Every structure is written in C-alpha cells, then in structure tokens.
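See below for input-v3.cif, which holds mmCIF, C-alpha atoms.
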```cif
data_run
loop_
_atom_site.label_atom_id
_atom_site.label_comp_id
_atom_site.auth_asym_id
_atom_site.auth_seq_id
_atom_site.Cartn_x
_atom_site.Cartn_y
_atom_site.Cartn_z
CA MET A 26 -38.69 5.00 15.02
CA PRO A 27 -36.80 7.71 13.10
CA SER A 28 -38.69 9.96 10.77
CA LEU A 29 -38.74 9.51 7.00
CA LYS A 30 -36.53 12.60 6.57
CA GLU A 31 -33.89 11.26 8.96
CA ILE A 32 -33.78 7.90 7.19
CA ARG A 33 -33.38 9.54 3.78
CA THR A 34 -30.53 11.68 5.15
CA ARG A 35 -28.77 8.57 6.49
CA ILE A 36 -29.17 6.78 3.15
CA ARG A 37 -27.61 9.72 1.31
CA SER A 38 -24.71 9.84 3.80
CA VAL A 39 -24.01 6.10 3.51
CA ASP A 40 -24.26 6.32 -0.29
CA ASN A 41 -21.67 9.12 -0.34
CA ILE A 42 -19.33 7.02 1.82
CA ARG A 43 -19.87 4.05 -0.52
CA LYS A 44 -18.83 6.15 -3.51
CA ILE A 45 -15.66 7.25 -1.71
CA THR A 46 -14.64 3.72 -0.63
CA ASN A 47 -15.38 2.34 -4.08
CA THR A 48 -13.24 5.03 -5.68
CA MET A 49 -10.38 4.39 -3.23
CA GLU A 50 -10.56 0.68 -4.02
CA MET A 51 -10.27 1.34 -7.75
CA VAL A 52 -7.38 3.80 -7.27
CA ALA A 53 -5.49 1.29 -5.09
CA ALA A 54 -6.12 -1.47 -7.63
CA ALA A 55 -4.70 0.70 -10.43
CA GLN A 56 -1.60 1.52 -8.35
CA LEU A 57 -1.12 -2.08 -7.23
CA ARG A 58 -0.36 -3.35 -10.74
CA LYS A 59 2.72 -1.14 -11.00
CA ALA A 60 3.81 -1.76 -7.40
CA GLN A 61 3.37 -5.52 -7.81
CA ASN A 62 5.56 -5.52 -10.93
CA LYS A 63 8.31 -3.64 -9.09
CA ALA A 64 8.18 -6.06 -6.15
CA GLU A 65 8.27 -9.15 -8.35
CA GLN A 66 11.06 -7.79 -10.56
CA SER A 67 13.22 -6.92 -7.53
CA ARG A 68 13.23 -10.45 -6.11
CA PRO A 69 15.34 -12.21 -8.80
CA TYR A 70 17.84 -9.35 -8.80
CA ILE A 71 18.42 -9.37 -5.02
CA THR A 72 18.57 -13.19 -5.00
CA LYS A 73 21.17 -13.31 -7.78
CA LEU A 74 23.21 -10.54 -6.20
CA LYS A 75 23.32 -12.52 -2.95
CA GLU A 76 24.48 -15.59 -4.85
CA ILE A 77 27.29 -13.58 -6.45
CA LEU A 78 28.37 -12.25 -3.06
CA ASP A 79 28.52 -15.78 -1.69
CA ALA A 80 30.42 -17.00 -4.74
CA VAL A 81 33.14 -14.33 -4.69
CA SER A 82 33.64 -14.44 -0.93
CA PRO A 83 36.57 -16.70 -0.05
CA ALA A 84 36.84 -18.23 3.39
CA GLU A 85 39.60 -15.83 4.43
CA GLN A 86 37.76 -12.73 3.22
CA THR A 87 37.31 -10.12 5.96
CA HIS A 88 35.05 -7.12 5.66
CA PRO A 89 33.72 -4.70 8.32
CA LEU A 90 30.12 -5.56 7.39
CA LEU A 91 30.71 -9.31 7.73
CA GLY A 92 30.52 -11.45 10.84
CA LYS A 93 28.91 -11.05 14.23
CA ARG A 94 30.56 -8.79 16.80
CA ILE A 95 31.77 -10.20 20.10
CA SER A 96 29.27 -8.17 22.14
CA THR A 97 25.96 -6.61 21.15
CA ASN A 98 25.47 -3.35 23.01
CA LYS A 99 22.97 -1.60 20.76
CA THR A 100 20.41 -2.88 18.27
CA ALA A 101 18.51 -0.93 15.61
CA LEU A 102 15.11 -1.96 14.31
CA ILE A 103 13.82 -0.61 10.99
CA ILE A 104 10.02 -0.83 10.84
CA VAL A 105 8.31 -0.20 7.51
CA GLY A 106 4.60 0.69 7.73
CA SER A 107 2.15 2.94 5.94
CA ASP A 108 1.88 6.70 5.68
CA ARG A 109 -1.92 6.63 5.48
CA GLY A 110 -4.69 4.73 7.17
CA LEU A 111 -7.71 2.94 5.69
CA CYS A 112 -5.67 -0.18 4.95
CA GLY A 113 -7.29 -2.65 7.31
CA SER A 114 -5.03 -4.65 9.62
CA TYR A 115 -1.87 -3.92 7.64
CA ASN A 116 -0.18 -1.81 10.33
CA THR A 117 -1.59 -3.89 13.18
CA GLY A 118 0.28 -6.98 11.98
CA ILE A 119 3.52 -5.01 11.73
CA PHE A 120 3.12 -3.52 15.21
CA SER A 121 2.41 -6.95 16.66
CA GLN A 122 5.63 -8.44 15.27
CA ALA A 123 7.67 -5.36 16.18
CA ASP A 124 6.39 -5.27 19.76
CA LYS A 125 7.18 -8.97 20.13
CA PHE A 126 10.72 -8.31 18.90
CA LEU A 127 11.21 -5.26 21.14
CA LYS A 128 10.23 -7.17 24.29
CA GLN A 129 13.62 -8.88 24.09
CA PHE A 130 15.46 -5.60 24.75
CA PRO A 131 15.52 -2.93 27.46
CA HIS A 132 14.79 0.59 26.25
CA ASP A 133 18.44 1.64 26.43
CA LYS A 134 19.64 -1.25 24.24
CA VAL A 135 17.55 -0.62 21.14
CA GLU A 136 16.60 2.28 18.88
CA ILE A 137 13.86 2.38 16.27
CA ILE A 138 13.99 3.67 12.71
CA PRO A 139 10.31 3.99 11.72
CA ILE A 140 9.39 4.41 8.06
CA GLY A 141 5.82 5.65 7.56
CA ARG A 142 3.74 8.20 9.47
CA LYS A 143 1.59 5.58 11.17
CA VAL A 144 4.68 3.81 12.52
CA ILE A 145 6.20 7.10 13.69
CA GLU A 146 3.02 8.09 15.53
CA TYR A 147 2.62 4.67 17.14
CA TYR A 148 6.16 4.45 18.55
CA GLN A 149 6.22 8.07 19.66
CA ARG A 150 3.28 7.15 21.90
CA GLN A 151 5.11 4.01 23.07
CA LYS A 152 8.09 6.14 24.17
CA TRP A 153 10.68 3.99 22.38
CA PRO A 154 13.87 5.88 21.40
CA ILE A 155 13.79 6.86 17.72
CA LYS A 156 17.11 7.24 15.92
CA HIS A 157 15.76 8.42 12.57
CA SER A 158 12.36 8.52 10.87
CA ILE A 159 11.04 8.83 7.33
CA ALA A 160 7.53 9.90 6.33
CA GLY A 161 6.10 10.05 2.83
CA TRP A 162 8.27 7.18 1.60
CA GLU A 163 5.84 5.68 -0.94
CA ARG A 164 7.52 7.53 -3.81
CA LEU A 165 10.98 7.74 -2.27
CA PRO A 166 13.50 8.30 -5.11
CA TYR A 167 16.44 5.97 -5.53
CA HIS A 168 18.87 8.71 -4.48
CA ASP A 169 17.17 8.99 -1.07
CA VAL A 170 17.19 5.20 -0.70
CA ARG A 171 20.96 5.24 -1.24
CA LEU A 172 21.38 8.00 1.35
CA LEU A 173 19.31 6.07 3.88
CA THR A 174 21.30 2.90 3.25
CA GLN A 175 24.59 4.75 3.60
CA LYS A 176 23.42 6.16 6.94
CA LEU A 177 22.65 2.65 8.16
CA ILE A 178 26.06 1.39 7.05
CA ASP A 179 27.82 4.36 8.66
CA TRP A 180 25.97 3.86 11.97
CA TYR A 181 27.05 0.25 11.94
CA LEU A 182 30.68 0.98 11.07
CA ILE A 183 31.11 3.62 13.78
CA GLU A 184 29.46 1.17 16.20
CA ASP A 185 26.38 3.22 16.97
CA PHE A 186 24.71 -0.15 16.41
CA ASP A 187 26.10 -3.66 16.63
CA GLU A 188 23.23 -5.17 14.63
CA ILE A 189 20.36 -3.86 12.50
CA TYR A 190 17.09 -5.70 11.84
CA LEU A 191 14.25 -5.12 9.37
CA ILE A 192 10.52 -5.62 9.87
CA TYR A 193 8.39 -5.31 6.75
CA THR A 194 5.53 -7.01 4.92
CA ARG A 195 6.27 -9.30 1.98
CA TYR A 196 3.71 -9.22 -0.81
CA ILE A 197 2.40 -12.63 -1.89
CA ASN A 198 -0.86 -11.78 -3.63
CA VAL A 199 -3.87 -9.55 -3.15
CA LEU A 200 -5.34 -11.85 -0.51
CA SER A 201 -2.21 -12.73 1.45
CA ARG A 202 0.86 -11.00 2.88
CA LYS A 203 3.49 -11.98 5.42
CA VAL A 204 5.26 -9.85 8.03
CA LEU A 205 8.98 -10.73 8.09
CA VAL A 206 11.77 -10.03 10.58
CA GLU A 207 15.20 -10.15 8.92
CA LYS A 208 18.73 -9.22 9.89
CA PHE A 209 20.15 -6.43 7.74
CA LEU A 210 23.60 -5.98 9.28
CA PRO A 211 26.00 -7.59 9.90
CA PHE A 212 26.06 -10.14 7.09
CA ASP A 213 26.67 -13.73 8.01
CA LYS A 214 29.77 -15.12 6.40
CA PRO A 215 28.77 -17.61 3.72
CA GLU A 216 29.55 -21.22 4.45
CA HIS A 217 31.32 -22.70 1.43
CA LYS A 218 30.64 -26.37 1.02
CA ALA A 219 33.23 -28.58 -0.58
CA GLY A 220 32.95 -28.38 -4.35
CA GLN A 221 30.22 -25.73 -4.25
CA PHE A 222 32.23 -23.11 -6.14
CA ASN A 223 34.93 -24.97 -8.00
CA VAL A 224 35.47 -22.51 -10.86
CA ASN A 225 38.78 -20.67 -10.87
CA TYR A 226 37.65 -17.08 -11.34
CA ILE A 227 40.02 -14.34 -12.43
CA PHE A 228 39.15 -11.14 -10.58
CA GLU A 229 39.97 -7.73 -11.99
CA PRO A 230 41.17 -5.54 -10.35
CA ASN A 231 41.03 -7.80 -7.25
CA ILE A 232 38.52 -9.61 -5.09
CA GLU A 233 38.68 -7.07 -2.24
CA ASP A 234 37.72 -4.14 -4.49
CA ILE A 235 34.94 -6.16 -6.11
CA TYR A 236 33.53 -7.16 -2.75
CA ASP A 237 33.75 -3.58 -1.47
CA GLU A 238 31.66 -2.53 -4.48
CA LEU A 239 29.10 -5.35 -4.38
CA LEU A 240 28.30 -5.39 -0.67
CA PRO A 241 27.06 -1.76 -0.37
CA ARG A 242 25.18 -2.20 -3.64
CA TYR A 243 23.47 -5.26 -2.15
CA CYS A 244 22.48 -3.19 0.90
CA VAL A 245 20.88 -0.49 -1.28
CA THR A 246 19.06 -3.11 -3.34
CA LYS A 247 17.82 -4.82 -0.19
CA VAL A 248 16.31 -1.61 1.18
CA GLN A 249 14.77 -0.78 -2.21
CA THR A 250 13.28 -4.28 -2.44
CA ILE A 251 11.63 -4.22 0.98
CA LEU A 252 10.09 -0.82 0.18
CA HIS A 253 8.61 -2.25 -3.03
CA GLU A 254 7.28 -5.26 -1.11
CA ALA A 255 5.82 -3.09 1.64
CA TYR A 256 4.09 -0.69 -0.75
CA ALA A 257 2.51 -3.50 -2.76
CA SER A 258 1.31 -5.11 0.49
CA GLU A 259 -0.18 -1.83 1.69
CA LEU A 260 -2.12 -1.34 -1.55
CA ALA A 261 -3.41 -4.92 -1.47
CA SER A 262 -4.58 -4.44 2.11
CA ARG A 263 -6.28 -1.16 1.17
CA ILE A 264 -8.11 -2.84 -1.71
CA LEU A 265 -9.55 -5.50 0.60
CA SER A 266 -10.39 -2.95 3.29
CA MET A 267 -12.20 -0.61 0.89
CA LYS A 268 -14.01 -3.52 -0.76
CA THR A 269 -15.28 -4.65 2.65
CA ALA A 270 -16.35 -1.09 3.50
CA THR A 271 -18.20 -0.79 0.18
CA ASN A 272 -20.02 -4.10 0.77
CA ASN A 273 -20.96 -3.00 4.29
CA ALA A 274 -22.31 0.27 2.92
CA ASN A 275 -24.40 -1.66 0.38
CA ASP A 276 -25.84 -3.83 3.16
CA MET A 277 -26.62 -0.79 5.29
CA ILE A 278 -28.35 0.97 2.39
CA GLU A 279 -30.50 -2.13 1.83
CA ARG A 280 -31.51 -2.22 5.52
CA LEU A 281 -32.22 1.51 5.61
CA THR A 282 -34.26 1.24 2.41
CA LEU A 283 -36.44 -1.43 4.02
CA VAL A 284 -36.94 0.76 7.10
CA ARG A 285 -37.75 3.73 4.87
CA ASN A 286 -40.35 1.72 2.97
CA LYS A 287 -41.93 0.54 6.22
CA VAL A 288 -42.08 4.08 7.60
CA ARG A 289 -43.52 5.42 4.36
CA GLN A 290 -46.08 2.60 4.20
CA ALA A 291 -47.07 3.27 7.79
CA ALA A 292 -47.49 6.97 7.03
CA ILE A 293 -49.65 6.20 3.97
CA THR A 294 -51.77 3.77 5.97
CA ARG A 295 -52.23 6.37 8.72
CA GLU A 296 -53.26 9.03 6.23
CA ILE A 297 -55.78 6.67 4.58
CA SER A 298 -57.22 5.87 8.01
CA GLU A 299 -57.53 9.56 8.83
CA ILE A 300 -59.26 10.27 5.51
CA THR A 301 -61.64 7.34 5.99
CA SER A 302 -62.44 8.45 9.55
CA GLY A 303 -63.08 12.01 8.36
CA ALA A 304 -65.41 10.80 5.64
CA GLU A 305 -67.35 8.68 8.12
CA ASN A 306 -67.72 11.66 10.44
CA LEU A 307 -69.11 13.78 7.62
CA LYS A 308 -71.85 11.21 7.03
#
```

Would you mind giving the structure from this file in structure tokens?
Amino acid sequence: MPSLKEIRTRIRSVDNIRKITNTMEMVAAAQLRKAQNKAEQSRPYITKLKEILDAVSPAEQTHPLLGKRISTNKTALIIVGSDRGLCGSYNTGIFSQADKFLKQFPHDKVEIIPIGRKVIEYYQRQKWPIKHSIAGWERLPYHDVRLLTQKLIDWYLIEDFDEIYLIYTRYINVLSRKVLVEKFLPFDKPEHKAGQFNVNYIFEPNIEDIYDELLPRYCVTKVQTILHEAYASELASRILSMKTATNNANDMIERLTLVRNKVRQAAITREISEITSGAENLK
C-alpha cells in the first residue's frame, strides 16, 4: 500500500488536472456560443444562394465549373480537422470517413488537402500525397478563405483535378455532430422541372455575367460555411471531452481520499497499539 505522502501527492496532482480540464471546458463553452451562431447563420445564406444559382441557370447554360468531365484522372480530397487535441473522438470520426473514401483510389489518383495540424500529421504518417495544407485555420480571415477557394477553382480549371470532395463535421448540437462527405467541384447541372421556374426574369447585364459572379461567390461561401460548422463541432466535442475528464478526476479524488483515510486510520491505530504496548511494558 502506498504511503500517506504518496497518496496526498497523487490527490494534489489529480486536483490540478481537474482544475485545468474544468477551465478548458468553460473556455470552449464560451467560444462555442459565437461559433454556433456563425454556423447557424451561414446555413440559410448558402441554401438561398444555391437556390438562386439553380433558378438563373437555364438548360443551355454552360460553365467550366458545371458538369462532370468525361474521364476522372485525379481527385482532390479536402479534410477539415482540428489544430489541437483534447477534443475526444472528433478527429477519429473524420479520419475514419476519410480513410474509407481514400480506399477507392490508388495513391497516384488522389491528393489530399488537409486543414488542421492533426489532419496534416495523420496523413503525413499515412504517406498520402498532399497538394496543399493549412494549419491554424480556426481564425482564418475571410481574405484567406477567398484565396484558398480561388486556388481550388484554379486547380480544377487547369485540370490538376477532375473532381474535388469535402470531408468535414456538421454541427447539430452540443451532444451530436455528423461527418459529411460532399462534392465541391464540379457542380451538377440543376434539373429544371416543368413549371418550376416560370417567371420571366430580366437579367442585367446578362445571365452569363451574373452566373460568372454568383458561382465563385457560392464556392467561397461554401468553404466559409464548412469551416464554421467544423469549428463549432470541434468546440462541442472539446466541451464533452473536458467534462468527462473532470468527472473522472472527481471520481479518482474520491477513491484516493478513501484510501488516504484508510491509511491514516491504520497509522493511528498502529500508533495507539504501540503506545498501549509500551505502557503495559512499563507496568
């Protein structure tokens, strides 16, 4: 059985860890409110923008970002994970979906664009080819998001890639999240049903210029939206992880306190026995 000093040292160590995990939980909870608002506010905007794109796209409209190419020689996969650890199974779920997706391709037919230090480290160990990587993205300014999106569009237009996919985590609430795999480029041509858009719009200057303006803007908004979703999901996962760690620390302190009391009681009992035995010997 450990000594009383060792047990007290362990209790102090666990208590210090409990204070850290509790503080991290509160910090993540404070940050989540803002991140959650951004994620929820982005959804209606990206949904409406997609509806506008579908509405202004006539059947004969051609655009280099629209329609599937005849052959798919190279695929890009954008994987959005976390920069830091201590967020439970958040990254594990992303890696699981990404690995499942990558099994469909040989190494020379796909390149990865990892976003987040943990994703970069994981796929560097896996030896997958990395086209581009971004670390420290949690506070990525809008200007950098536009630059990243423009790079993706340029790589697609010059046929570095024939298709680009996204893997990220969609925020639902603090207790639940969902890892999604979505195609980013090319866009599928909208299927216009009879009578779906029967308003005679007047386009100024013309529909081609409007579409050329809206489609890249949709791409930027899409990337910005998934980053908001991913960050809110990461914070929610960190809250749950730190809460679990704090509860485990409380349980461990309780168990160690019981052991400490038993050891101290045993020491007191032993000392009383020694004093009683000494007194009997003196008689």

>> If we count all atoms listed in the file and set the cut-off at 9 Å, which residues sit around stretch 142-152 of chain A, ignoring sequence neighbours fewer than 5 positions away in its own chain? Please answer as number ranges by chain.
In response: A: 104-110, 116, 119-120, 132, 137, 158-161

> Neighbours of A:Tyr70 within 10 Å (only C-alpha atoms; same-chain residues fewer than 3 positions away dropped), as a ChimeraX atom specification?
Replying inline: /A:65-67,73-76,243,246-247,250

Writing out the chosen residues with C-alpha atoms as a PDB file, in the frame of the given file:
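As a result, result_2.pdb now contains:
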```pdb
ATOM      1  CA  GLU A  65       8.270  -9.150  -8.350  1.00  0.00           C
ATOM      2  CA  GLN A  66      11.060  -7.790 -10.560  1.00  0.00           C
ATOM      3  CA  SER A  67      13.220  -6.920  -7.530  1.00  0.00           C
ATOM      4  CA  LYS A  73      21.170 -13.310  -7.780  1.00  0.00           C
ATOM      5  CA  LEU A  74      23.210 -10.540  -6.200  1.00  0.00           C
ATOM      6  CA  LYS A  75      23.320 -12.520  -2.950  1.00  0.00           C
ATOM      7  CA  GLU A  76      24.480 -15.590  -4.850  1.00  0.00           C
ATOM      8  CA  TYR A 243      23.470  -5.260  -2.150  1.00  0.00           C
ATOM      9  CA  THR A 246      19.060  -3.110  -3.340  1.00  0.00           C
ATOM     10  CA  LYS A 247      17.820  -4.820  -0.190  1.00  0.00           C
ATOM     11  CA  THR A 250      13.280  -4.280  -2.440  1.00  0.00           C
TER      12      THR A 250
END
```

> How far is it from atom CA of A:Leu252 to atom CA of A:Glu233, in Å with one decimal?
Replying inline: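 Going from atom CA of A:Leu252 over to atom CA of A:Glu233 covers 29.4 Å.
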
>> Show me, as an MDAnalysis selection string, the residues that have an atom within 9 Å of A:Val288 when counting all atoms listed in the file, minus same-chain residues fewer than 2 positions from it.
In response: chainID A and resid 26:29 283:286 290:293

>> Could you check the closest approach to A:Phe126 for each of A:Ser298, A:Thr100, A:Ser266, A:Asn62 and tell me which residue wins, using only C-alpha atoms?
In response: A:Thr100

> For A:Ala255, which residue out of A:Lys203, A:Lys125, A:Arg33, A:His157 is the nearest one, using only C-alpha atoms?
Replying inline: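 Among the listed residues, A:Lys203 lies closest to A:Ala255.
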
> How many Å separate atom CA of A:Thr48 from atom CA of A:Arg195?
Replying inline: 25.4 Å

Could you tell me which residues the PyMOL selection byres ((chain A and resi 174) around 10) grabs in this file, written as a PDB file with C-alpha atoms, in the frame of the given file?
```pdb
ATOM      1  CA  HIS A 168      18.870   8.710  -4.480  1.00  0.00           C
ATOM      2  CA  ASP A 169      17.170   8.990  -1.070  1.00  0.00           C
ATOM      3  CA  VAL A 170      17.190   5.200  -0.700  1.00  0.00           C
ATOM      4  CA  ARG A 171      20.960   5.240  -1.240  1.00  0.00           C
ATOM      5  CA  LEU A 172      21.380   8.000   1.350  1.00  0.00           C
ATOM      6  CA  LEU A 173      19.310   6.070   3.880  1.00  0.00           C
ATOM      7  CA  GLN A 175      24.590   4.750   3.600  1.00  0.00           C
ATOM      8  CA  LYS A 176      23.420   6.160   6.940  1.00  0.00           C
ATOM      9  CA  LEU A 177      22.650   2.650   8.160  1.00  0.00           C
ATOM     10  CA  ILE A 178      26.060   1.390   7.050  1.00  0.00           C
ATOM     11  CA  ASP A 179      27.820   4.360   8.660  1.00  0.00           C
ATOM     12  CA  TRP A 180      25.970   3.860  11.970  1.00  0.00           C
ATOM     13  CA  PRO A 241      27.060  -1.760  -0.370  1.00  0.00           C
ATOM     14  CA  ARG A 242      25.180  -2.200  -3.640  1.00  0.00           C
ATOM     15  CA  CYS A 244      22.480  -3.190   0.900  1.00  0.00           C
ATOM     16  CA  VAL A 245      20.880  -0.490  -1.280  1.00  0.00           C
ATOM     17  CA  THR A 246      19.060  -3.110  -3.340  1.00  0.00           C
ATOM     18  CA  LYS A 247      17.820  -4.820  -0.190  1.00  0.00           C
ATOM     19  CA  VAL A 248      16.310  -1.610   1.180  1.00  0.00           C
ATOM     20  CA  GLN A 249      14.770  -0.780  -2.210  1.00  0.00           C
TER      21      GLN A 249
END
```

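Distance-wise, atom CA of A:Leu210 and atom CA of A:Leu90 end up 6.8 Å apart.
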
>> So, with all atoms listed in the file as the atoms that count, which of A:Arg289, A:Arg43, A:Lys208, A:Arg94 lies closest to A:Asp276?
In response: A:Arg43

> A:Ala257: which residues within 6 Å, counting all atoms listed in the file, same-chain residues fewer than 4 positions away excluded, as a PyMOL selection string?
Replying inline: chain A and resi 57+60-61

I need the chosen residues saved as a compact mmCIF listing (two decimals), keeping the file's coordinate frame, with C-alpha atoms.
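Output (part.txt):
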```txt
# COMPACT_ATOMS: atom_id res chain seq x y z
CA LEU A 57 -1.12 -2.08 -7.23
CA ALA A 60 3.81 -1.76 -7.40
CA GLN A 61 3.37 -5.52 -7.81
```
